Amino acid sequence: MKIRRYMGNNTQEAMLKVKMDLGNEAVILNTRKVRKKGIMNMFAKPLVEVLAAIDDDISTKKEVAKNVEKNKPKEFSTKNYGNFKTNLEEKEEKIVFLENKVNNMESMIKKIYDQFQNNAESLSKPMHVSIEREEKPYSKILMQFYNNLIKNEVEVEIAKKLIDTVSKKIGDTASINDVDSLLHNLISGILGKPETISLKEDKKPTVIIFVGPTGVGKTTTLAKIAANYSLNLRKNVGLITADTYRIAAVEQLKTYAEILGLPINVIYSPNEIKDAISLYSDKDVVLIDTAGRSCRNKPQFDELKSLIAASEADEVYLVLSSTTSIHNCNDILQSYSFLKDYKLIFTKLDESQVNGIILNTKFRTGKNLSFVTTGQCVPDDIEVLNIDKMAKNLLGSIS
């Protein structure tokens, strides 16, 4: 007699194991609940243990019957042959499909490997590739100048046009000095001759309005120009501020006006601008400060447009920071594209290591450059843009 022990989560599970192993002829000797050993199992649900037995003769007969049934040859018939043939064909089709798939994978891997090899070879070669015409690469000298322009944040399109112009005029075999000289002349030509304030000769005041985004330094720049025209050029200057939105902006300009001994008028709406200007009919120059406005705030930007229109200013100055990124600068220029004519002032040259924004803006707008500021000191840190110096900075040095 065979005696075996079976465990289960419950009685039914344990009995099922008995029947599956010993069959219905098994005799149940004992049933009890037991717990697993170990501290972790102290609070676990107890298992059911079933002790079962079966006669050796019955067990032997069952095992023999199972083996006979298992090894019994299947009856051969036409139907079985057809099924056998179908299964064989299916297996052959699967084998052919897998072989084709493997072949395709091998072909794809080979293509990827070849492409990788080609890319590796191209990367190992010196990069003298022209962006527009791959069939005619730049020379080493031209590529160095091109890279210098890009490092100075000159837009790719502008840098490319400059280098292409040089390549067409003097060829790729020109010396460094020849390339440098021609590029210098081209950049200087784009920057043009700076223009400052043009005073009227009819003894009427020249009205000038300063506009631009927030934080570029419009108020400080206006104060520097006011100081220069008042102290150095001995002109009568009047100040107007419409920047009543920014904290302490009015007080800042009032402080400058008090130090310089200049009159100042504060306005709160575009309707007041004409009356404010009329108060300065005896002045040579009237300088108007405005609040920075975002084009995304339509009501405020529309108010700025109304102020500019109502002022009927003789000159408009768009003030930009030289630290502005290419993308943001283009957005600003688009916002102020409603201006019919204006001049450009760039601030914070002392805070920027690259000056590509000046060339980019001049190229995009075609507007005249004017003053640049190089610090916070009033009235010292302002000057007319030096075109020769700016062109040299943009080109950099070639070692």
# chains A, B, ... in the order shown; residues from 1 in each chain; ligands from 1

$ select_by_dssp --residues "segment 217-395 of chain A" --states "strand (DSSP E)" --output "NGL selection string"
:A and (237-241 or 264-266 or 285-289 or 315-321 or 343-347 or 369-373 or 382-384)

$ residues_around --residues "segment 383-399 of chain A" --least-positions-apart "6" --cutoff "6 Å" --atoms "only C-alpha atoms" --output "list in words"
Asn148, Leu149, His184, Ile187, Ser370, Phe371 and Val372 of chain A

$ atom_distance --atom1 "atom CA of Glu312 of chain A" --atom2 "atom CA of Pro205 of chain A"
12.1 Å

$ residues_around --residues "Tyr245 of chain A" --least-positions-apart "2" --cutoff "12 Å" --atoms "only C-alpha atoms" --output "MDAnalysis selection string"
chainID A and resid 214 241:243 247:251 266:269 289:293 300

$ residues_around --residues "segment 336-343 of chain A" --least-positions-apart "2" --cutoff "12 Å" --atoms "only C-alpha atoms" --output "PyMOL selection string"
chain A and resi 193-198+208-213+292-295+301-302+304-306+308-309+312-320+329-334+345-346+361-362+364-372

$ select_by_dssp --residues "segment 259-387 of chain A" --states "alpha helix (DSSP H)" --output "MDAnalysis selection string"
chainID A and resid 259:260 273:278 298:311 326:335 356:365 387

$ residues_around --residues "Lys235 of chain A" --least-positions-apart "3" --cutoff "8 Å" --atoms "only C-alpha atoms" --output "ChimeraX atom specification"
/A:229-231,283-285

$ residues_around --residues "Ser352 of chain A" --least-positions-apart "2" --cutoff "10 Å" --atoms "only C-alpha atoms" --output "NGL selection string"
:A and (321-324 or 347-350 or 354-355 or 374)

$ atom_distance --atom1 "atom CA of Glu153 of chain A" --atom2 "atom CA of Ile358 of chain A"
9.8 Å

$ residues_around --residues "Glu13 of chain A" --least-positions-apart "5" --cutoff "12 Å" --atoms "only C-alpha atoms" --output "short mmCIF file (atom, residue, chain, number, x, y, z; two decimals) with C-alpha atoms, in the first residue's frame"
data_model
loop_
_atom_site.label_atom_id
_atom_site.label_comp_id
_atom_site.auth_asym_id
_atom_site.auth_seq_id
_atom_site.Cartn_x
_atom_site.Cartn_y
_atom_site.Cartn_z
CA TYR A 6 -1.20 16.26 0.30
CA MET A 7 -1.41 19.94 1.30
CA GLY A 8 -3.96 22.55 0.20
CA VAL A 18 -5.46 13.23 -4.03
CA LYS A 19 -7.82 12.30 -6.88
CA MET A 20 -5.49 13.62 -9.56
CA LEU A 47 -3.35 24.80 5.49
CA VAL A 48 -5.30 21.53 5.18
CA GLU A 49 -3.25 18.31 5.27
CA VAL A 50 -4.83 15.10 3.85
#

$ atom_distance --atom1 "atom CA of Thr220 of chain A" --atom2 "atom CA of Asn360 of chain A"
24.3 Å

$ decode --residues "segment 5-54 of chain A" --atoms "N, CA and C atoms" --output "PDB file, in the first residue's frame"
ATOM      1  N   ARG A   5       1.020  12.176   1.501  1.00  0.00           N
ATOM      2  CA  ARG A   5       0.471  13.347   2.197  1.00  0.00           C
ATOM      3  C   ARG A   5       0.276  14.468   1.170  1.00  0.00           C
ATOM      4  N   TYR A   6      -0.881  15.175   1.233  1.00  0.00           N
ATOM      5  CA  TYR A   6      -1.203  16.263   0.302  1.00  0.00           C
ATOM      6  C   TYR A   6      -1.616  17.504   1.088  1.00  0.00           C
ATOM      7  N   MET A   7      -1.123  18.667   0.635  1.00  0.00           N
ATOM      8  CA  MET A   7      -1.407  19.937   1.298  1.00  0.00           C
ATOM      9  C   MET A   7      -2.235  20.829   0.372  1.00  0.00           C
ATOM     10  N   GLY A   8      -3.146  21.625   0.968  1.00  0.00           N
ATOM     11  CA  GLY A   8      -3.961  22.549   0.202  1.00  0.00           C
ATOM     12  C   GLY A   8      -4.410  23.707   1.056  1.00  0.00           C
ATOM     13  N   ASN A   9      -4.840  24.783   0.407  1.00  0.00           N
ATOM     14  CA  ASN A   9      -5.346  25.932   1.151  1.00  0.00           C
ATOM     15  C   ASN A   9      -6.675  25.618   1.830  1.00  0.00           C
ATOM     16  N   ASN A  10      -7.388  24.624   1.281  1.00  0.00           N
ATOM     17  CA  ASN A  10      -8.641  24.182   1.886  1.00  0.00           C
ATOM     18  C   ASN A  10      -8.815  22.689   1.595  1.00  0.00           C
ATOM     19  N   THR A  11      -9.887  22.111   2.119  1.00  0.00           N
ATOM     20  CA  THR A  11     -10.118  20.668   1.976  1.00  0.00           C
ATOM     21  C   THR A  11     -10.338  20.286   0.521  1.00  0.00           C
ATOM     22  N   GLN A  12     -11.091  21.102  -0.222  1.00  0.00           N
ATOM     23  CA  GLN A  12     -11.380  20.782  -1.611  1.00  0.00           C
ATOM     24  C   GLN A  12     -10.110  20.720  -2.450  1.00  0.00           C
ATOM     25  N   GLU A  13      -9.206  21.675  -2.200  1.00  0.00           N
ATOM     26  CA  GLU A  13      -7.960  21.703  -2.973  1.00  0.00           C
ATOM     27  C   GLU A  13      -7.105  20.479  -2.657  1.00  0.00           C
ATOM     28  N   ALA A  14      -7.049  20.094  -1.382  1.00  0.00           N
ATOM     29  CA  ALA A  14      -6.249  18.926  -0.999  1.00  0.00           C
ATOM     30  C   ALA A  14      -6.831  17.638  -1.589  1.00  0.00           C
ATOM     31  N   MET A  15      -8.177  17.519  -1.553  1.00  0.00           N
ATOM     32  CA  MET A  15      -8.831  16.330  -2.101  1.00  0.00           C
ATOM     33  C   MET A  15      -8.646  16.236  -3.600  1.00  0.00           C
ATOM     34  N   LEU A  16      -8.651  17.385  -4.268  1.00  0.00           N
ATOM     35  CA  LEU A  16      -8.440  17.373  -5.714  1.00  0.00           C
ATOM     36  C   LEU A  16      -7.057  16.842  -6.057  1.00  0.00           C
ATOM     37  N   LYS A  17      -6.067  17.203  -5.265  1.00  0.00           N
ATOM     38  CA  LYS A  17      -4.713  16.701  -5.490  1.00  0.00           C
ATOM     39  C   LYS A  17      -4.661  15.179  -5.283  1.00  0.00           C
ATOM     40  N   VAL A  18      -5.425  14.689  -4.291  1.00  0.00           N
ATOM     41  CA  VAL A  18      -5.458  13.235  -4.030  1.00  0.00           C
ATOM     42  C   VAL A  18      -6.019  12.501  -5.237  1.00  0.00           C
ATOM     43  N   LYS A  19      -7.171  12.980  -5.757  1.00  0.00           N
ATOM     44  CA  LYS A  19      -7.821  12.304  -6.881  1.00  0.00           C
ATOM     45  C   LYS A  19      -6.973  12.355  -8.144  1.00  0.00           C
ATOM     46  N   MET A  20      -6.312  13.496  -8.363  1.00  0.00           N
ATOM     47  CA  MET A  20      -5.491  13.623  -9.564  1.00  0.00           C
ATOM     48  C   MET A  20      -4.300  12.672  -9.516  1.00  0.00           C
ATOM     49  N   ASP A  21      -3.769  12.443  -8.307  1.00  0.00           N
ATOM     50  CA  ASP A  21      -2.571  11.609  -8.187  1.00  0.00           C
ATOM     51  C   ASP A  21      -2.919  10.128  -8.003  1.00  0.00           C
ATOM     52  N   LEU A  22      -3.884   9.804  -7.100  1.00  0.00           N
ATOM     53  CA  LEU A  22      -4.161   8.408  -6.744  1.00  0.00           C
ATOM     54  C   LEU A  22      -5.464   7.884  -7.358  1.00  0.00           C
ATOM     55  N   GLY A  23      -6.328   8.821  -7.795  1.00  0.00           N
ATOM     56  CA  GLY A  23      -7.591   8.373  -8.378  1.00  0.00           C
ATOM     57  C   GLY A  23      -8.688   8.228  -7.337  1.00  0.00           C
ATOM     58  N   ASN A  24      -9.859   7.790  -7.829  1.00  0.00           N
ATOM     59  CA  ASN A  24     -11.023   7.661  -6.945  1.00  0.00           C
ATOM     60  C   ASN A  24     -10.904   6.485  -5.960  1.00  0.00           C
ATOM     61  N   GLU A  25      -9.981   5.515  -6.240  1.00  0.00           N
ATOM     62  CA  GLU A  25      -9.824   4.347  -5.375  1.00  0.00           C
ATOM     63  C   GLU A  25      -9.058   4.661  -4.095  1.00  0.00           C
ATOM     64  N   ALA A  26      -8.512   5.899  -3.980  1.00  0.00           N
ATOM     65  CA  ALA A  26      -7.713   6.264  -2.803  1.00  0.00           C
ATOM     66  C   ALA A  26      -8.570   6.278  -1.549  1.00  0.00           C
ATOM     67  N   VAL A  27      -7.915   5.949  -0.426  1.00  0.00           N
ATOM     68  CA  VAL A  27      -8.590   5.920   0.875  1.00  0.00           C
ATOM     69  C   VAL A  27      -8.015   7.046   1.725  1.00  0.00           C
ATOM     70  N   ILE A  28      -8.909   7.904   2.275  1.00  0.00           N
ATOM     71  CA  ILE A  28      -8.479   9.023   3.117  1.00  0.00           C
ATOM     72  C   ILE A  28      -8.239   8.492   4.526  1.00  0.00           C
ATOM     73  N   LEU A  29      -7.030   8.598   5.007  1.00  0.00           N
ATOM     74  CA  LEU A  29      -6.660   8.111   6.324  1.00  0.00           C
ATOM     75  C   LEU A  29      -6.849   9.176   7.395  1.00  0.00           C
ATOM     76  N   ASN A  30      -6.522  10.446   7.050  1.00  0.00           N
ATOM     77  CA  ASN A  30      -6.588  11.492   8.077  1.00  0.00           C
ATOM     78  C   ASN A  30      -6.644  12.868   7.407  1.00  0.00           C
ATOM     79  N   THR A  31      -7.346  13.793   8.064  1.00  0.00           N
ATOM     80  CA  THR A  31      -7.406  15.188   7.600  1.00  0.00           C
ATOM     81  C   THR A  31      -7.207  16.103   8.795  1.00  0.00           C
ATOM     82  N   ARG A  32      -6.335  17.094   8.661  1.00  0.00           N
ATOM     83  CA  ARG A  32      -6.097  18.020   9.773  1.00  0.00           C
ATOM     84  C   ARG A  32      -5.581  19.373   9.227  1.00  0.00           C
ATOM     85  N   LYS A  33      -5.681  20.420  10.090  1.00  0.00           N
ATOM     86  CA  LYS A  33      -5.170  21.742   9.745  1.00  0.00           C
ATOM     87  C   LYS A  33      -3.782  21.923  10.340  1.00  0.00           C
ATOM     88  N   VAL A  34      -2.874  22.471   9.552  1.00  0.00           N
ATOM     89  CA  VAL A  34      -1.490  22.682  10.009  1.00  0.00           C
ATOM     90  C   VAL A  34      -1.064  24.100   9.632  1.00  0.00           C
ATOM     91  N   ARG A  35      -0.083  24.634  10.360  1.00  0.00           N
ATOM     92  CA  ARG A  35       0.486  25.957  10.059  1.00  0.00           C
ATOM     93  C   ARG A  35       1.915  25.810   9.541  1.00  0.00           C
ATOM     94  N   LYS A  36       2.284  26.700   8.653  1.00  0.00           N
ATOM     95  CA  LYS A  36       3.663  26.702   8.154  1.00  0.00           C
ATOM     96  C   LYS A  36       4.597  27.149   9.263  1.00  0.00           C
ATOM     97  N   LYS A  37       5.825  26.667   9.202  1.00  0.00           N
ATOM     98  CA  LYS A  37       6.812  27.025  10.204  1.00  0.00           C
ATOM     99  C   LYS A  37       7.374  28.412   9.922  1.00  0.00           C
ATOM    100  N   GLY A  38       7.851  29.068  10.965  1.00  0.00           N
ATOM    101  CA  GLY A  38       8.470  30.384  10.804  1.00  0.00           C
ATOM    102  C   GLY A  38       7.627  31.489  11.418  1.00  0.00           C
ATOM    103  N   ILE A  39       8.341  32.561  11.862  1.00  0.00           N
ATOM    104  CA  ILE A  39       7.658  33.685  12.505  1.00  0.00           C
ATOM    105  C   ILE A  39       6.734  34.396  11.534  1.00  0.00           C
ATOM    106  N   MET A  40       7.152  34.516  10.261  1.00  0.00           N
ATOM    107  CA  MET A  40       6.372  35.241   9.267  1.00  0.00           C
ATOM    108  C   MET A  40       5.039  34.580   9.000  1.00  0.00           C
ATOM    109  N   ASN A  41       4.938  33.253   9.238  1.00  0.00           N
ATOM    110  CA  ASN A  41       3.705  32.516   8.941  1.00  0.00           C
ATOM    111  C   ASN A  41       2.824  32.306  10.183  1.00  0.00           C
ATOM    112  N   MET A  42       3.192  32.974  11.285  1.00  0.00           N
ATOM    113  CA  MET A  42       2.457  32.756  12.534  1.00  0.00           C
ATOM    114  C   MET A  42       1.004  33.190  12.406  1.00  0.00           C
ATOM    115  N   PHE A  43       0.792  34.305  11.663  1.00  0.00           N
ATOM    116  CA  PHE A  43      -0.557  34.846  11.546  1.00  0.00           C
ATOM    117  C   PHE A  43      -1.211  34.494  10.212  1.00  0.00           C
ATOM    118  N   ALA A  44      -0.571  33.623   9.446  1.00  0.00           N
ATOM    119  CA  ALA A  44      -1.142  33.228   8.152  1.00  0.00           C
ATOM    120  C   ALA A  44      -2.254  32.191   8.359  1.00  0.00           C
ATOM    121  N   LYS A  45      -3.110  32.063   7.377  1.00  0.00           N
ATOM    122  CA  LYS A  45      -4.220  31.102   7.421  1.00  0.00           C
ATOM    123  C   LYS A  45      -3.659  29.679   7.393  1.00  0.00           C
ATOM    124  N   PRO A  46      -4.155  28.755   8.264  1.00  0.00           N
ATOM    125  CA  PRO A  46      -3.627  27.375   8.273  1.00  0.00           C
ATOM    126  C   PRO A  46      -3.976  26.618   7.002  1.00  0.00           C
ATOM    127  N   LEU A  47      -3.119  25.657   6.647  1.00  0.00           N
ATOM    128  CA  LEU A  47      -3.348  24.803   5.486  1.00  0.00           C
ATOM    129  C   LEU A  47      -4.062  23.521   5.920  1.00  0.00           C
ATOM    130  N   VAL A  48      -4.632  22.825   4.921  1.00  0.00           N
ATOM    131  CA  VAL A  48      -5.296  21.535   5.175  1.00  0.00           C
ATOM    132  C   VAL A  48      -4.377  20.415   4.703  1.00  0.00           C
ATOM    133  N   GLU A  49      -4.109  19.456   5.607  1.00  0.00           N
ATOM    134  CA  GLU A  49      -3.255  18.307   5.270  1.00  0.00           C
ATOM    135  C   GLU A  49      -4.136  17.056   5.188  1.00  0.00           C
ATOM    136  N   VAL A  50      -4.050  16.342   4.053  1.00  0.00           N
ATOM    137  CA  VAL A  50      -4.828  15.101   3.851  1.00  0.00           C
ATOM    138  C   VAL A  50      -3.844  13.948   3.687  1.00  0.00           C
ATOM    139  N   LEU A  51      -4.021  12.919   4.495  1.00  0.00           N
ATOM    140  CA  LEU A  51      -3.203  11.701   4.405  1.00  0.00           C
ATOM    141  C   LEU A  51      -4.042  10.653   3.676  1.00  0.00           C
ATOM    142  N   ALA A  52      -3.548  10.203   2.489  1.00  0.00           N
ATOM    143  CA  ALA A  52      -4.318   9.275   1.652  1.00  0.00           C
ATOM    144  C   ALA A  52      -3.479   8.044   1.326  1.00  0.00           C
ATOM    145  N   ALA A  53      -4.173   6.905   1.025  1.00  0.00           N
ATOM    146  CA  ALA A  53      -3.475   5.658   0.704  1.00  0.00           C
ATOM    147  C   ALA A  53      -4.191   4.956  -0.438  1.00  0.00           C
ATOM    148  N   ILE A  54      -3.447   4.089  -1.165  1.00  0.00           N
ATOM    149  CA  ILE A  54      -4.011   3.307  -2.252  1.00  0.00           C
ATOM    150  C   ILE A  54      -3.289   1.975  -2.310  1.00  0.00           C
TER     151      ILE A  54
END
